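**Q** I'd like to ask some things about the structure below.
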Amino acid sequence: MRVSGWLIHLTTRALGESMDVRSMIHLARRLIRNYDIYERSGFSPNMSIPNKDAASQIVRDIKKDELMLDFIILLIQCQEAGLGGRKYRVPHLREIINELNKAGLIYDGEVKMFLENPHVRRTKNWGVLRENDEYIFTFLSLDIVGSSAIVSQNESEIVHSTYDDIRGIVQNAIERRNGRIWNWAGDGGLVAFYFSNKNSNAVLSAMEIIHELYLYNLVSCRLNKPLRIRMAIHNGPCIYMRNYGDIKSDTLKKLYEIETKYTPPNHVTLSNSVYHMMNETIAAQLTPSKYGANTSCYTYHLKLER
Amino acid sequence: MDIIVVTDTAVVKEYFKPIEKSKTYRIRICPCANMKEELHREVQKFLVYVDINSYTTEKRDQTLKYLSKIPSLVYGIIDARGVLKDTASLFHSGASDYLGKNMKRIDARRLRRVIAFASVKESSAPEGTDRRRLSLPEPYISSGKDWRGVKTGQEYTFYLMFAELDNQTALKNQFSDVQLNIAVNKFKSFIERMVASEHGRIWIWDEFGGLILFPYSGTSFGVVITCMRIILSRKLFSVEELNFKKLVSYRITLHIGNTVYRQRGETGTIISSSINTIFHLGKKYVKPGNFYMTAKLYRNLPQKVKKIFRPAGSFEGHEIMRMRLPE
């Protein structure tokens, strides 16, 4: 993230005007282990550092280590929840948040994080996840059934435009629920959900995709047969990497296993761990999977009355 | 507007050269073998020209018969070799244009005339002829594909949609006035969002639902698909937007008819049998959670979409069709 000079100025003032040097160091050590302000600033340890200089040094170091967002979140928490049992009145916080809003980030008080504003931009890591850090995600995988046969039996232009349409349907459903496409290979892909209600959001996205595909097959599909898809949803830890090919994750292995072994066409299958995170209204729409002799998964598909 | 040219010969494409660069018309060539598939798949308004010389004698008659049976299809026949003897009979069976051996160029003016002719033909077909051809409202007064051409105080043909929450007494007992107000407002916003893609507008809103108008300009059935989408989205709406512990239920009715257009809030003095029909149908006849439409609309649907509907009796002289609901 590009940090503007004005944001540094505001953060320095907010820090310097809200607490003493001791508390500032304590705060900095939450992000930079064994942070030593004397070593960094060149002040002698037996001298007292003026508030303004200490704040300025800390913010400079925080910026250098690319920890500005985390530090601003700490400042927000100092005001809202307190630090070490004491609440601080942190000035300029509103201006700091406004400055970040201008940079396309919005503060989500529920998850206590800055997220990218989806109306401004949408990146794979929501603008905040760090490469090589592990997070708990909910993943949705989607695969077009019988893609080889579709390609061999239909004109290439029709296949391409159909696959583009499917991607459009997926994108529309998941982006409304703050999901991100991590990988798309023409005939399917992987979607990640990370923030609030990630499990419900993944399941509701999948339900919407199934409904939209049904309508698409009814009126718009130009293939010689209706298009069918399989979807699976699973959650678990995964190390975030910018390049999808570098991601090695047991969670994804399990996800693909659910999709290929336990999911019939035009169904979405949820792992047990996702199912148990559903509220009762959504859970009531799901049925235990009978496909592939697996009893721990749940499925949803669209079936109209006879 | 799409102009679909059904032919197996490259030379026929040349006839349409004058409108190749037109922004209004888009030419699409379709092989004869794919004609049926193409005509059933189309969602948008289109006009079709069939090169009859691309067919064998036997297939030619079958094709002409097939075209004449598709309700509301606007089509022309290209007969560059002049093999058809009785060209007038083409018009009797529903064709709107004929290009014989002396007529080998089609420009935008001619297309406009063909479309105008087709509209007049639809609205003035006599009783006793093919009933499906009477499916358009009479007289048909296009309100355009969006609202730009609609003027206050004038009569137009509209798609009329009625949408209302069910179980109103239970809702009133279950929720406080504030909660209920929030729920109804969310339902209203949901309907507004869902109908926006077809230029639908809420026109009259009562306590739990209201009437939505869609401009009508031709044979597009996107509004029917929108209503189906609203029914399919019941679970998503209940969970995501209302956060109720049970699925909320609503019903939808769709009809087509004429009414004088007035601004929202100034509709009190409008007298329209179509408006009466849609309100009576929605309030008195439709069962909770269902989507019903009048057979006028059903008849113009492609076969695949028709399969989603079942007869649901008749009401005030209208045959009614009901969408099969998700289990």
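Please note that chains go A, B, ... in the order of the structure tokens, that every chain numbers its residues from 1, and that ligands are numbered from 1 in the order shown.
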Would you pick out the contacts of B:His199 at 12 Å or less, using only C-alpha atoms, so that residues sharing its chain but fewer than 4 positions from it are not included, and give the list as a list in words?

**A**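 Final neighbour list, sorted by chain and number: Ser143, Gly144, Lys145, Asp146, Trp147, Arg148, Phe158, Tyr159, Ile191, Glu192, Arg193, Met194, Val195, Ile212, Leu213, Phe214, Pro215, Tyr216, Ser217, Gly222, Val223 and Thr226 of chain B.
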
**Q** Report the closest atom pair, with its distance in Å rounded to one decimal, for each residue of chain A that has an atom no farther than 9 Å from chain B; count only C-alpha atoms, sort by chain and then rising residue number, and write it as a Markdown table.

**A**
| residue | atom | partner | partner_atom | distance |
| --- | --- | --- | --- | --- |
| A:Asn201 | CA | B:Glu240 | CA | 8.9 |
| A:Leu204 | CA | B:Leu236 | CA | 6.6 |
| A:Met207 | CA | B:Leu236 | CA | 7.9 |
| A:Glu208 | CA | B:Ser233 | CA | 7.5 |
| A:His211 | CA | B:Leu232 | CA | 6.6 |
| A:Glu212 | CA | B:Arg229 | CA | 7.8 |
| A:Leu215 | CA | B:Ile225 | CA | 7.3 |
| A:Leu218 | CA | B:Lys304 | CA | 6.2 |
| A:Val219 | CA | B:Arg41 | CA | 5.8 |
| A:Ser220 | CA | B:Arg41 | CA | 6.2 |
| A:Cys221 | CA | B:Arg41 | CA | 7.5 |
| A:Arg222 | CA | B:Arg41 | CA | 7.4 |
| A:Asn224 | CA | B:Glu37 | CA | 8.9 |
| A:Asn279 | CA | B:Val239 | CA | 8.8 |
| A:Glu280 | CA | B:Lys245 | CA | 7.5 |
| A:Thr281 | CA | B:Lys245 | CA | 6.1 |
| A:Ile282 | CA | B:Val239 | CA | 7.1 |
| A:Gln285 | CA | B:Lys235 | CA | 8.4 |
| A:Leu302 | CA | B:Pro326 | CA | 6.5 |
| A:Lys303 | CA | B:Pro326 | CA | 5.5 |
| A:Leu304 | CA | B:Pro326 | CA | 4.1 |
| A:Glu305 | CA | B:Glu327 | CA | 5.5 |
| A:Arg306 | CA | B:Arg324 | CA | 7.2 |

**Q** Within 9 Å of A:Arg13, counting only C-alpha atoms, which residues qualify if same-chain residues fewer than 2 places away don't, as a ChimeraX atom specification?

**A** /A:8-11,15-18,52,55-56,91-92

**Q** Restrict the selected residues to C-alpha atoms and save them as a PDB file, in the first residue's frame.

**A**
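Saved result, part-v3.pdb, follows:
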ATOM      1  CA  ILE A   8       2.271   9.766   8.131  1.00  0.00           C
ATOM      2  CA  HIS A   9       1.843  13.272   9.484  1.00  0.00           C
ATOM      3  CA  LEU A  10      -1.614  12.526  10.886  1.00  0.00           C
ATOM      4  CA  THR A  11      -0.534   9.211  12.423  1.00  0.00           C
ATOM      5  CA  LEU A  15       0.367   8.931  18.423  1.00  0.00           C
ATOM      6  CA  GLY A  16       2.288  11.844  19.916  1.00  0.00           C
ATOM      7  CA  GLU A  17      -0.812  13.601  21.247  1.00  0.00           C
ATOM      8  CA  SER A  18      -2.495  10.550  22.753  1.00  0.00           C
ATOM      9  CA  LYS A  52       7.009  14.348  19.125  1.00  0.00           C
ATOM     10  CA  ALA A  55       6.149   9.376  17.688  1.00  0.00           C
ATOM     11  CA  SER A  56       7.891  10.480  14.533  1.00  0.00           C
ATOM     12  CA  PRO A  91      -7.027  12.537  18.126  1.00  0.00           C
ATOM     13  CA  HIS A  92      -7.140  12.697  14.314  1.00  0.00           C
TER      14      HIS A  92
END

**Q** Run DSSP on the backbone and tell me which residues of stretch 31-260 of chain B come out as strand (DSSP E); list them as a VMD selection string.

**A** chain B and resid 46 to 51 75 to 78 97 to 99 155 to 165 201 to 205 209 to 215 250 to 260

**Q** Output C-alpha atoms for every residue in the selection just made, as a PDB file, in the first residue's frame.

**A**
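Okay, this is what ended up in out.pdb:
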ATOM      1  CA  PHE B  46     -35.394 -10.186 -33.657  1.00  0.00           C
ATOM      2  CA  LEU B  47     -36.460 -10.495 -37.252  1.00  0.00           C
ATOM      3  CA  VAL B  48     -35.680 -13.572 -39.312  1.00  0.00           C
ATOM      4  CA  TYR B  49     -35.169 -13.952 -43.060  1.00  0.00           C
ATOM      5  CA  VAL B  50     -35.226 -17.508 -44.390  1.00  0.00           C
ATOM      6  CA  ASP B  51     -33.578 -18.332 -47.724  1.00  0.00           C
ATOM      7  CA  TYR B  75     -40.152 -13.266 -40.617  1.00  0.00           C
ATOM      8  CA  GLY B  76     -39.462 -12.716 -44.268  1.00  0.00           C
ATOM      9  CA  ILE B  77     -38.821 -15.163 -47.101  1.00  0.00           C
ATOM     10  CA  ILE B  78     -35.903 -14.899 -49.527  1.00  0.00           C
ATOM     11  CA  ASP B  97     -41.735  -9.743 -46.189  1.00  0.00           C
ATOM     12  CA  TYR B  98     -40.862 -11.486 -49.447  1.00  0.00           C
ATOM     13  CA  LEU B  99     -37.717 -10.989 -51.539  1.00  0.00           C
ATOM     14  CA  GLU B 155     -51.731   5.051 -23.231  1.00  0.00           C
ATOM     15  CA  TYR B 156     -49.167   2.308 -23.734  1.00  0.00           C
ATOM     16  CA  THR B 157     -48.824  -1.434 -23.529  1.00  0.00           C
ATOM     17  CA  PHE B 158     -46.889  -2.582 -20.442  1.00  0.00           C
ATOM     18  CA  TYR B 159     -45.968  -5.785 -18.724  1.00  0.00           C
ATOM     19  CA  LEU B 160     -47.773  -5.542 -15.383  1.00  0.00           C
ATOM     20  CA  MET B 161     -46.286  -7.348 -12.422  1.00  0.00           C
ATOM     21  CA  PHE B 162     -47.877  -7.639  -8.997  1.00  0.00           C
ATOM     22  CA  ALA B 163     -45.646  -8.701  -6.086  1.00  0.00           C
ATOM     23  CA  GLU B 164     -46.706  -8.954  -2.460  1.00  0.00           C
ATOM     24  CA  LEU B 165     -45.551 -10.584   0.790  1.00  0.00           C
ATOM     25  CA  ARG B 201     -40.367   0.399 -12.126  1.00  0.00           C
ATOM     26  CA  ILE B 202     -42.489   0.247  -9.005  1.00  0.00           C
ATOM     27  CA  TRP B 203     -45.606   2.187  -9.935  1.00  0.00           C
ATOM     28  CA  ILE B 204     -48.009   1.620  -7.067  1.00  0.00           C
ATOM     29  CA  TRP B 205     -46.921   0.397  -3.635  1.00  0.00           C
ATOM     30  CA  GLY B 209     -46.441  -5.089  -2.072  1.00  0.00           C
ATOM     31  CA  GLY B 210     -47.388  -3.360  -5.256  1.00  0.00           C
ATOM     32  CA  LEU B 211     -47.517  -3.045  -8.980  1.00  0.00           C
ATOM     33  CA  ILE B 212     -44.448  -2.888 -11.183  1.00  0.00           C
ATOM     34  CA  LEU B 213     -44.528  -1.689 -14.798  1.00  0.00           C
ATOM     35  CA  PHE B 214     -42.162  -2.854 -17.530  1.00  0.00           C
ATOM     36  CA  PRO B 215     -42.009  -1.181 -20.935  1.00  0.00           C
ATOM     37  CA  TYR B 250     -44.235 -13.853  -1.496  1.00  0.00           C
ATOM     38  CA  ARG B 251     -46.324 -14.207  -4.600  1.00  0.00           C
ATOM     39  CA  ILE B 252     -45.990 -12.755  -8.071  1.00  0.00           C
ATOM     40  CA  THR B 253     -48.425 -12.263 -10.925  1.00  0.00           C
ATOM     41  CA  LEU B 254     -47.594 -11.178 -14.456  1.00  0.00           C
ATOM     42  CA  HIS B 255     -49.962  -9.878 -17.103  1.00  0.00           C
ATOM     43  CA  ILE B 256     -49.746  -7.717 -20.195  1.00  0.00           C
ATOM     44  CA  GLY B 257     -52.113  -4.921 -21.010  1.00  0.00           C
ATOM     45  CA  ASN B 258     -52.712  -1.290 -21.790  1.00  0.00           C
ATOM     46  CA  THR B 259     -52.966   1.603 -19.398  1.00  0.00           C
ATOM     47  CA  VAL B 260     -52.591   5.346 -19.461  1.00  0.00           C
TER      48      VAL B 260
END

**Q** Quick one: residues within 8 Å of B:Ser96, only C-alpha atoms, excluding same-chain residues fewer than 6 positions away - as a list in words?

**A**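 Close residues of B:Ser96: Val74, Tyr75, Gly76, Val114, Ile115, Phe117 and Ala118 of chain B.
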
**Q** Could you jot down the atom CA of A:Asn34 to atom CA of A:Thr12 separation for me, Å, one decimal place?

**A** 20.5 Å

**Q** Closest to A:Asn98 among A:Trp6, A:Arg176, A:Ile166, A:Pro118, using only C-alpha atoms?

**A** A:Trp6

**Q** For a quick check of understanding, using only C-alpha atoms, which of A:Leu93, A:Val191, A:Leu223, A:Cys78 has the smallest distance to A:Asn235?

**A**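 Among the listed residues, the smallest separation from A:Asn235 belongs to A:Val191.
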
**Q** Given the choices B:Lys65, B:Lys36, B:Lys283, B:Arg299, which gets closest to B:Gln168 if the distance is worked out from only C-alpha atoms?

**A**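 Under the stated criterion, the closest residue is B:Lys283.
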
**Q** Quick one: residues within 7 Å of A:Thr263, only C-alpha atoms, excluding same-chain residues fewer than 5 positions away - as a list in words?

**A** Arg230, Ile258, Val268, Thr269 and Tyr291 of chain A
